[in-house]
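Chemist: File follows, final_37.pdb with PDB, C-alpha atoms:
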ATOM      1  CA  ALA A  18       0.000   0.000   0.000  1.00  0.00           C
ATOM      2  CA  ALA A  19       2.849   2.381   0.815  1.00  0.00           C
ATOM      3  CA  ALA A  20       4.390   1.801  -2.624  1.00  0.00           C
ATOM      4  CA  ALA A  21       1.050   2.507  -4.300  1.00  0.00           C
ATOM      5  CA  SER A  22       0.512   5.708  -2.319  1.00  0.00           C
ATOM      6  CA  ALA A  23       4.082   6.817  -3.004  1.00  0.00           C
ATOM      7  CA  ALA A  24       3.535   6.229  -6.733  1.00  0.00           C
ATOM      8  CA  SER A  25       0.361   8.361  -6.782  1.00  0.00           C
ATOM      9  CA  ALA A  26       2.070  11.057  -4.703  1.00  0.00           C
ATOM     10  CA  GLY A  27       4.245  12.127  -7.616  1.00  0.00           C
ATOM     11  CA  PRO A  28       7.915  11.581  -8.380  1.00  0.00           C
ATOM     12  CA  PRO A  29      10.126  10.804  -5.401  1.00  0.00           C
ATOM     13  CA  LEU A  30      12.347  13.558  -4.023  1.00  0.00           C
ATOM     14  CA  SER A  31      15.410  11.454  -4.900  1.00  0.00           C
ATOM     15  CA  GLU A  32      14.491  11.845  -8.599  1.00  0.00           C
ATOM     16  CA  MET A  33      13.830  15.582  -8.300  1.00  0.00           C
ATOM     17  CA  ALA A  34      17.103  16.376  -6.543  1.00  0.00           C
ATOM     18  CA  THR A  35      19.678  14.278  -8.373  1.00  0.00           C
ATOM     19  CA  SER A  36      23.197  15.643  -8.523  1.00  0.00           C
ATOM     20  CA  GLU A  37      22.638  16.347 -12.236  1.00  0.00           C
ATOM     21  CA  ILE A  38      19.526  18.411 -11.511  1.00  0.00           C
ATOM     22  CA  VAL A  39      21.323  20.251  -8.715  1.00  0.00           C
ATOM     23  CA  ASP A  40      24.200  21.020 -11.112  1.00  0.00           C
ATOM     24  CA  GLU A  41      21.797  22.196 -13.839  1.00  0.00           C
ATOM     25  CA  SER A  42      19.922  24.412 -11.375  1.00  0.00           C
ATOM     26  CA  GLY A  43      22.982  26.617 -10.955  1.00  0.00           C
ATOM     27  CA  ILE A  44      22.588  26.790  -7.170  1.00  0.00           C
ATOM     28  CA  LEU A  45      26.191  25.662  -6.697  1.00  0.00           C
ATOM     29  CA  SER A  46      27.315  28.572  -8.888  1.00  0.00           C
ATOM     30  CA  ASP A  47      25.799  31.031  -6.417  1.00  0.00           C
ATOM     31  CA  PRO A  48      28.484  31.870  -3.821  1.00  0.00           C
ATOM     32  CA  ALA A  49      25.899  32.976  -1.254  1.00  0.00           C
ATOM     33  CA  ALA A  50      23.927  29.727  -1.597  1.00  0.00           C
ATOM     34  CA  VAL A  51      27.097  27.642  -1.422  1.00  0.00           C
ATOM     35  CA  ALA A  52      28.213  29.486   1.722  1.00  0.00           C
ATOM     36  CA  ARG A  53      24.833  28.862   3.381  1.00  0.00           C
ATOM     37  CA  LEU A  54      24.903  25.163   2.455  1.00  0.00           C
ATOM     38  CA  VAL A  55      28.548  24.666   3.483  1.00  0.00           C
ATOM     39  CA  ALA A  56      27.724  26.174   6.885  1.00  0.00           C
ATOM     40  CA  LEU A  57      25.225  23.330   7.422  1.00  0.00           C
ATOM     41  CA  LEU A  58      27.852  20.622   6.957  1.00  0.00           C
ATOM     42  CA  PRO A  59      29.460  18.906   9.952  1.00  0.00           C
ATOM     43  CA  GLU A  60      32.507  20.489  11.537  1.00  0.00           C
ATOM     44  CA  GLY A  61      35.629  19.528   9.585  1.00  0.00           C
ATOM     45  CA  GLN A  62      33.657  19.081   6.332  1.00  0.00           C
ATOM     46  CA  ARG A  63      32.741  22.691   5.670  1.00  0.00           C
ATOM     47  CA  THR A  64      34.196  23.035   2.188  1.00  0.00           C
ATOM     48  CA  GLU A  65      32.634  23.310  -1.246  1.00  0.00           C
ATOM     49  CA  GLU A  66      34.331  20.020  -2.185  1.00  0.00           C
ATOM     50  CA  HIS A  67      32.616  18.229   0.719  1.00  0.00           C
ATOM     51  CA  LEU A  68      29.305  19.861  -0.195  1.00  0.00           C
ATOM     52  CA  ARG A  69      29.499  18.564  -3.764  1.00  0.00           C
ATOM     53  CA  SER A  70      30.570  15.132  -2.537  1.00  0.00           C
ATOM     54  CA  ASN A  71      27.689  14.960  -0.051  1.00  0.00           C
ATOM     55  CA  ILE A  72      25.119  15.978  -2.661  1.00  0.00           C
ATOM     56  CA  ARG A  73      26.280  13.114  -4.882  1.00  0.00           C
ATOM     57  CA  SER A  74      26.377  10.543  -2.078  1.00  0.00           C
ATOM     58  CA  PRO A  75      24.073   7.525  -2.052  1.00  0.00           C
ATOM     59  CA  GLN A  76      23.172   8.436   1.528  1.00  0.00           C
ATOM     60  CA  VAL A  77      21.509  11.671   0.389  1.00  0.00           C
ATOM     61  CA  ALA A  78      19.494   9.788  -2.247  1.00  0.00           C
ATOM     62  CA  GLN A  79      18.517   7.213   0.388  1.00  0.00           C
ATOM     63  CA  CYS A  80      17.411   9.936   2.830  1.00  0.00           C
ATOM     64  CA  LEU A  81      15.346  11.627   0.123  1.00  0.00           C
ATOM     65  CA  GLY A  82      13.744   8.267  -0.653  1.00  0.00           C
ATOM     66  CA  ARG A  83      12.865   7.740   2.986  1.00  0.00           C
ATOM     67  CA  LEU A  84      11.477  11.260   3.258  1.00  0.00           C
ATOM     68  CA  THR A  85       9.339  10.612   0.183  1.00  0.00           C
ATOM     69  CA  SER A  86       7.968   7.415   1.741  1.00  0.00           C
ATOM     70  CA  ALA A  87       7.261   9.129   5.045  1.00  0.00           C
ATOM     71  CA  LEU A  88       5.470  12.015   3.327  1.00  0.00           C
ATOM     72  CA  ALA A  89       3.366   9.680   1.190  1.00  0.00           C
ATOM     73  CA  ASP A  90       2.543   7.048   3.851  1.00  0.00           C
ATOM     74  CA  ASP A  91      -0.171   8.886   5.749  1.00  0.00           C
ATOM     75  CA  ALA A  92      -1.339  12.322   6.813  1.00  0.00           C
ATOM     76  CA  GLY A  93       0.067  11.795  10.320  1.00  0.00           C
ATOM     77  CA  SER A  94       3.591  11.365   8.977  1.00  0.00           C
ATOM     78  CA  PHE A  95       3.149  14.353   6.694  1.00  0.00           C
ATOM     79  CA  ASN A  96       1.971  16.525   9.584  1.00  0.00           C
ATOM     80  CA  SER A  97       4.876  15.400  11.780  1.00  0.00           C
ATOM     81  CA  ILE A  98       7.398  16.212   9.057  1.00  0.00           C
ATOM     82  CA  ILE A  99       5.846  19.626   8.423  1.00  0.00           C
ATOM     83  CA  ALA A 100       5.964  20.329  12.176  1.00  0.00           C
ATOM     84  CA  ASN A 101       9.599  19.152  12.469  1.00  0.00           C
ATOM     85  CA  PHE A 102      10.613  21.462   9.623  1.00  0.00           C
ATOM     86  CA  GLN A 103       8.615  24.261  11.289  1.00  0.00           C
ATOM     87  CA  LEU A 104       6.619  24.839   8.101  1.00  0.00           C
ATOM     88  CA  ASP A 105       3.097  26.176   7.702  1.00  0.00           C
ATOM     89  CA  PRO A 106       0.840  23.295   6.580  1.00  0.00           C
ATOM     90  CA  ALA A 107      -1.589  25.790   5.009  1.00  0.00           C
ATOM     91  CA  ASP A 108       1.032  26.430   2.300  1.00  0.00           C
ATOM     92  CA  GLY A 109       0.546  22.879   1.002  1.00  0.00           C
ATOM     93  CA  MET A 110      -3.202  22.475   1.458  1.00  0.00           C
ATOM     94  CA  GLY A 111      -4.053  22.655  -2.246  1.00  0.00           C
ATOM     95  CA  ALA A 112      -1.623  19.906  -3.198  1.00  0.00           C
ATOM     96  CA  MET A 113      -2.663  17.787  -0.218  1.00  0.00           C
ATOM     97  CA  ALA A 114      -6.303  18.115  -1.258  1.00  0.00           C
ATOM     98  CA  GLY A 115      -5.234  16.885  -4.682  1.00  0.00           C
ATOM     99  CA  GLY A 116      -3.532  13.864  -3.121  1.00  0.00           C
ATOM    100  CA  ASN A 117       0.074  14.960  -3.687  1.00  0.00           C
ATOM    101  CA  PRO A 118       1.931  15.183  -0.358  1.00  0.00           C
ATOM    102  CA  ILE A 119       5.314  15.564  -2.096  1.00  0.00           C
ATOM    103  CA  GLU A 120       4.132  18.673  -3.922  1.00  0.00           C
ATOM    104  CA  ALA A 121       2.499  19.890  -0.699  1.00  0.00           C
ATOM    105  CA  PHE A 122       5.792  19.507   1.193  1.00  0.00           C
ATOM    106  CA  LEU A 123       7.724  21.311  -1.537  1.00  0.00           C
ATOM    107  CA  ASN A 124       5.129  24.112  -1.615  1.00  0.00           C
ATOM    108  CA  CYS A 125       5.500  24.502   2.151  1.00  0.00           C
ATOM    109  CA  LEU A 126       9.296  24.665   1.811  1.00  0.00           C
ATOM    110  CA  LEU A 127       9.107  27.154  -1.042  1.00  0.00           C
ATOM    111  CA  LYS A 128       6.695  29.477   0.773  1.00  0.00           C
ATOM    112  CA  ASP A 129       8.855  29.316   3.902  1.00  0.00           C
ATOM    113  CA  VAL A 130      11.959  30.298   1.941  1.00  0.00           C
ATOM    114  CA  GLU A 131      10.055  33.064   0.139  1.00  0.00           C
ATOM    115  CA  ARG A 132       8.876  34.480   3.466  1.00  0.00           C
ATOM    116  CA  LYS A 133      12.365  34.303   4.990  1.00  0.00           C
ATOM    117  CA  GLU A 134      14.046  35.725   1.884  1.00  0.00           C
ATOM    118  CA  GLY A 135      11.433  38.485   1.743  1.00  0.00           C
ATOM    119  CA  VAL A 136      12.196  39.425   5.339  1.00  0.00           C
ATOM    120  CA  LYS A 137      15.926  39.265   4.600  1.00  0.00           C
ATOM    121  CA  LYS A 138      15.557  41.535   1.535  1.00  0.00           C
ATOM    122  CA  VAL A 139      13.508  44.062   3.515  1.00  0.00           C
ATOM    123  CA  GLU A 140      16.145  44.097   6.268  1.00  0.00           C
ATOM    124  CA  GLU A 141      18.952  44.495   3.714  1.00  0.00           C
ATOM    125  CA  GLU A 142      17.155  47.390   2.041  1.00  0.00           C
ATOM    126  CA  LYS A 143      16.542  48.990   5.434  1.00  0.00           C
ATOM    127  CA  ASP A 144      20.111  48.475   6.647  1.00  0.00           C
ATOM    128  CA  GLY A 145      22.028  49.247   3.458  1.00  0.00           C
ATOM    129  CA  GLY A 146      19.623  51.371   1.433  1.00  0.00           C
ATOM    130  CA  GLY A 147      21.837  54.465   1.335  1.00  0.00           C
ATOM    131  CA  ASP A 148      19.466  56.670  -0.723  1.00  0.00           C
ATOM    132  CA  GLY A 149      16.536  56.593   1.685  1.00  0.00           C
ATOM    133  CA  GLY A 150      18.284  55.595   4.893  1.00  0.00           C
ATOM    134  CA  GLU A 151      17.217  58.669   6.878  1.00  0.00           C
ATOM    135  CA  SER A 152      13.484  58.259   6.333  1.00  0.00           C
ATOM    136  CA  LYS A 153      13.684  54.496   6.829  1.00  0.00           C
ATOM    137  CA  GLY A 154      15.404  54.977  10.167  1.00  0.00           C
ATOM    138  CA  GLY A 155      12.520  57.222  11.220  1.00  0.00           C
ATOM    139  CA  ASP A 156       9.982  54.662  10.086  1.00  0.00           C
ATOM    140  CA  GLY A 157      11.801  51.976  12.084  1.00  0.00           C
ATOM    141  CA  GLU A 158      11.606  54.092  15.226  1.00  0.00           C
ATOM    142  CA  GLU A 159       7.877  54.614  14.826  1.00  0.00           C
ATOM    143  CA  LYS A 160       7.382  50.865  14.543  1.00  0.00           C
ATOM    144  CA  GLY A 161       9.489  50.287  17.639  1.00  0.00           C
ATOM    145  CA  ASP A 162      12.030  48.179  15.764  1.00  0.00           C
ATOM    146  CA  GLY A 163      15.005  48.908  17.972  1.00  0.00           C
ATOM    147  CA  SER A 164      17.236  46.156  16.660  1.00  0.00           C
ATOM    148  CA  GLY A 165      17.020  47.375  13.055  1.00  0.00           C
ATOM    149  CA  ASP A 166      17.727  50.961  14.085  1.00  0.00           C
ATOM    150  CA  GLY A 167      20.791  49.820  15.997  1.00  0.00           C
ATOM    151  CA  ASP A 168      22.117  48.143  12.866  1.00  0.00           C
ATOM    152  CA  VAL A 169      21.491  51.232  10.759  1.00  0.00           C
ATOM    153  CA  LYS A 170      23.233  53.524  13.263  1.00  0.00           C
ATOM    154  CA  MET A 171      26.267  51.215  13.385  1.00  0.00           C
ATOM    155  CA  ASP A 172      26.468  51.226   9.571  1.00  0.00           C
ATOM    156  CA  GLU A 173      26.293  55.030   9.397  1.00  0.00           C
ATOM    157  CA  SER A 174      29.021  55.713  11.987  1.00  0.00           C
TER     158      SER A 174
END
Starting from the file, lay out its structure as C-alpha cells.
Modeler:
Amino acid sequence: AAAASAASAGPPLSEMATSEIVDESGILSDPAAVARLVALLPEGQRTEEHLRSNIRSPQVAQCLGRLTSALADDAGSFNSIIANFQLDPADGMGAMAGGNPIEAFLNCLLKDVERKEGVKKVEEEKDGGGDGGESKGGDGEEKGDGSGDGDVKMDES
C-alpha cells in the first residue's frame, strides 16, 4: 500500500534532486547559496568540495527516498514532518487536497523560503539602502524596531 501511495504522490524527491539536476539548477554557482549550504555541513567538512561530494552521495538519495515514503505514507507522517521542519501546513493544502503530499511539502518549503528571503531583503534594504536611509530609520523608530535601528546607526558611523 505504501508503494502505491508513493507512486500516486508524484515523483520521489530522490528523482527531483539528483546531482545532475542540482548542477543544472545553478545553485552551486551562487556563492551565497554555497556558503549557506557549506555552513550546514558537519565540523571539519565545511568546504565546497565536501558539499558537492555529499550531494552526490548515495546516503543523500537514500534519505530523500525515505522522506518521500514518510510524506506519502499517511497524513500523520506528513503533519509530523511539516511540524519538524517548522513549516506552515496551510502552504501545502491545495496539493494535499489533490492527493500529492510531495508537492504539498515542496510548496510549504518554497513558501517558507520566500517568506524568509522576503524578510531578509527588507532588512537588507533597510540596513544598506543608502538613498533613503534617513526616512527608513525614522519609520523603524515609529514601529518600535530597535534592533534594526541599531544596525542602521552602526552602519552610518
Chemist: Give me the result of the PyMOL selection byres ((chain A and resi 99-114) around 8) on this file, residue by residue, as a list in words.
Modeler: Phe95, Asn96, Ser97, Ile98, Gly115, Gly116, Asn117, Pro118, Glu120, Ala121, Phe122, Leu123, Asn124, Cys125, Leu126, Lys128 and Asp129 of chain A
Chemist: Mind writing the picked residues with C-alpha atoms as a CSV table (one decimal), keeping the file's coordinate frame?
Modeler:
chain,number,residue,atom,x,y,z
A,95,PHE,CA,3.1,14.4,6.7
A,96,ASN,CA,2.0,16.5,9.6
A,97,SER,CA,4.9,15.4,11.8
A,98,ILE,CA,7.4,16.2,9.1
A,115,GLY,CA,-5.2,16.9,-4.7
A,116,GLY,CA,-3.5,13.9,-3.1
A,117,ASN,CA,0.1,15.0,-3.7
A,118,PRO,CA,1.9,15.2,-0.4
A,120,GLU,CA,4.1,18.7,-3.9
A,121,ALA,CA,2.5,19.9,-0.7
A,122,PHE,CA,5.8,19.5,1.2
A,123,LEU,CA,7.7,21.3,-1.5
A,124,ASN,CA,5.1,24.1,-1.6
A,125,CYS,CA,5.5,24.5,2.2
A,126,LEU,CA,9.3,24.7,1.8
A,128,LYS,CA,6.7,29.5,0.8
A,129,ASP,CA,8.9,29.3,3.9
Chemist: Pick from A:Ala49, A:Ala92, A:Leu81, A:Ala87: nearest to Pro29 in chain A, with all atoms listed in the file counted?
Modeler: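 For Pro29 in chain A, the nearest of the given residues is A:Leu81.
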Chemist: My list of candidates is A:Ile119, A:Gly93, A:Ala78, A:Val136. Which is closest to Ala34 in chain A when distances are computed with all atoms listed in the file?
Modeler: A:Ala78
Chemist: Extending 5 Å beyond the listed atoms of range 124-132 of chain A on each side, what axis-aligned box results? I want centre and edge lengths in Å to one decimal, as AutoDock Vina command-line options.
Modeler:
--center_x 8.5 --center_y 29.3 --center_z 1.1 --size_x 16.8 --size_y 20.4 --size_z 15.5
Chemist: Measure the distance from CA of Leu30 in chain A to CA of Gly61 in chain A in Å and round it to one decimal.
Modeler: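 We find that CA of Leu30 in chain A and CA of Gly61 in chain A lie 27.6 Å from each other.
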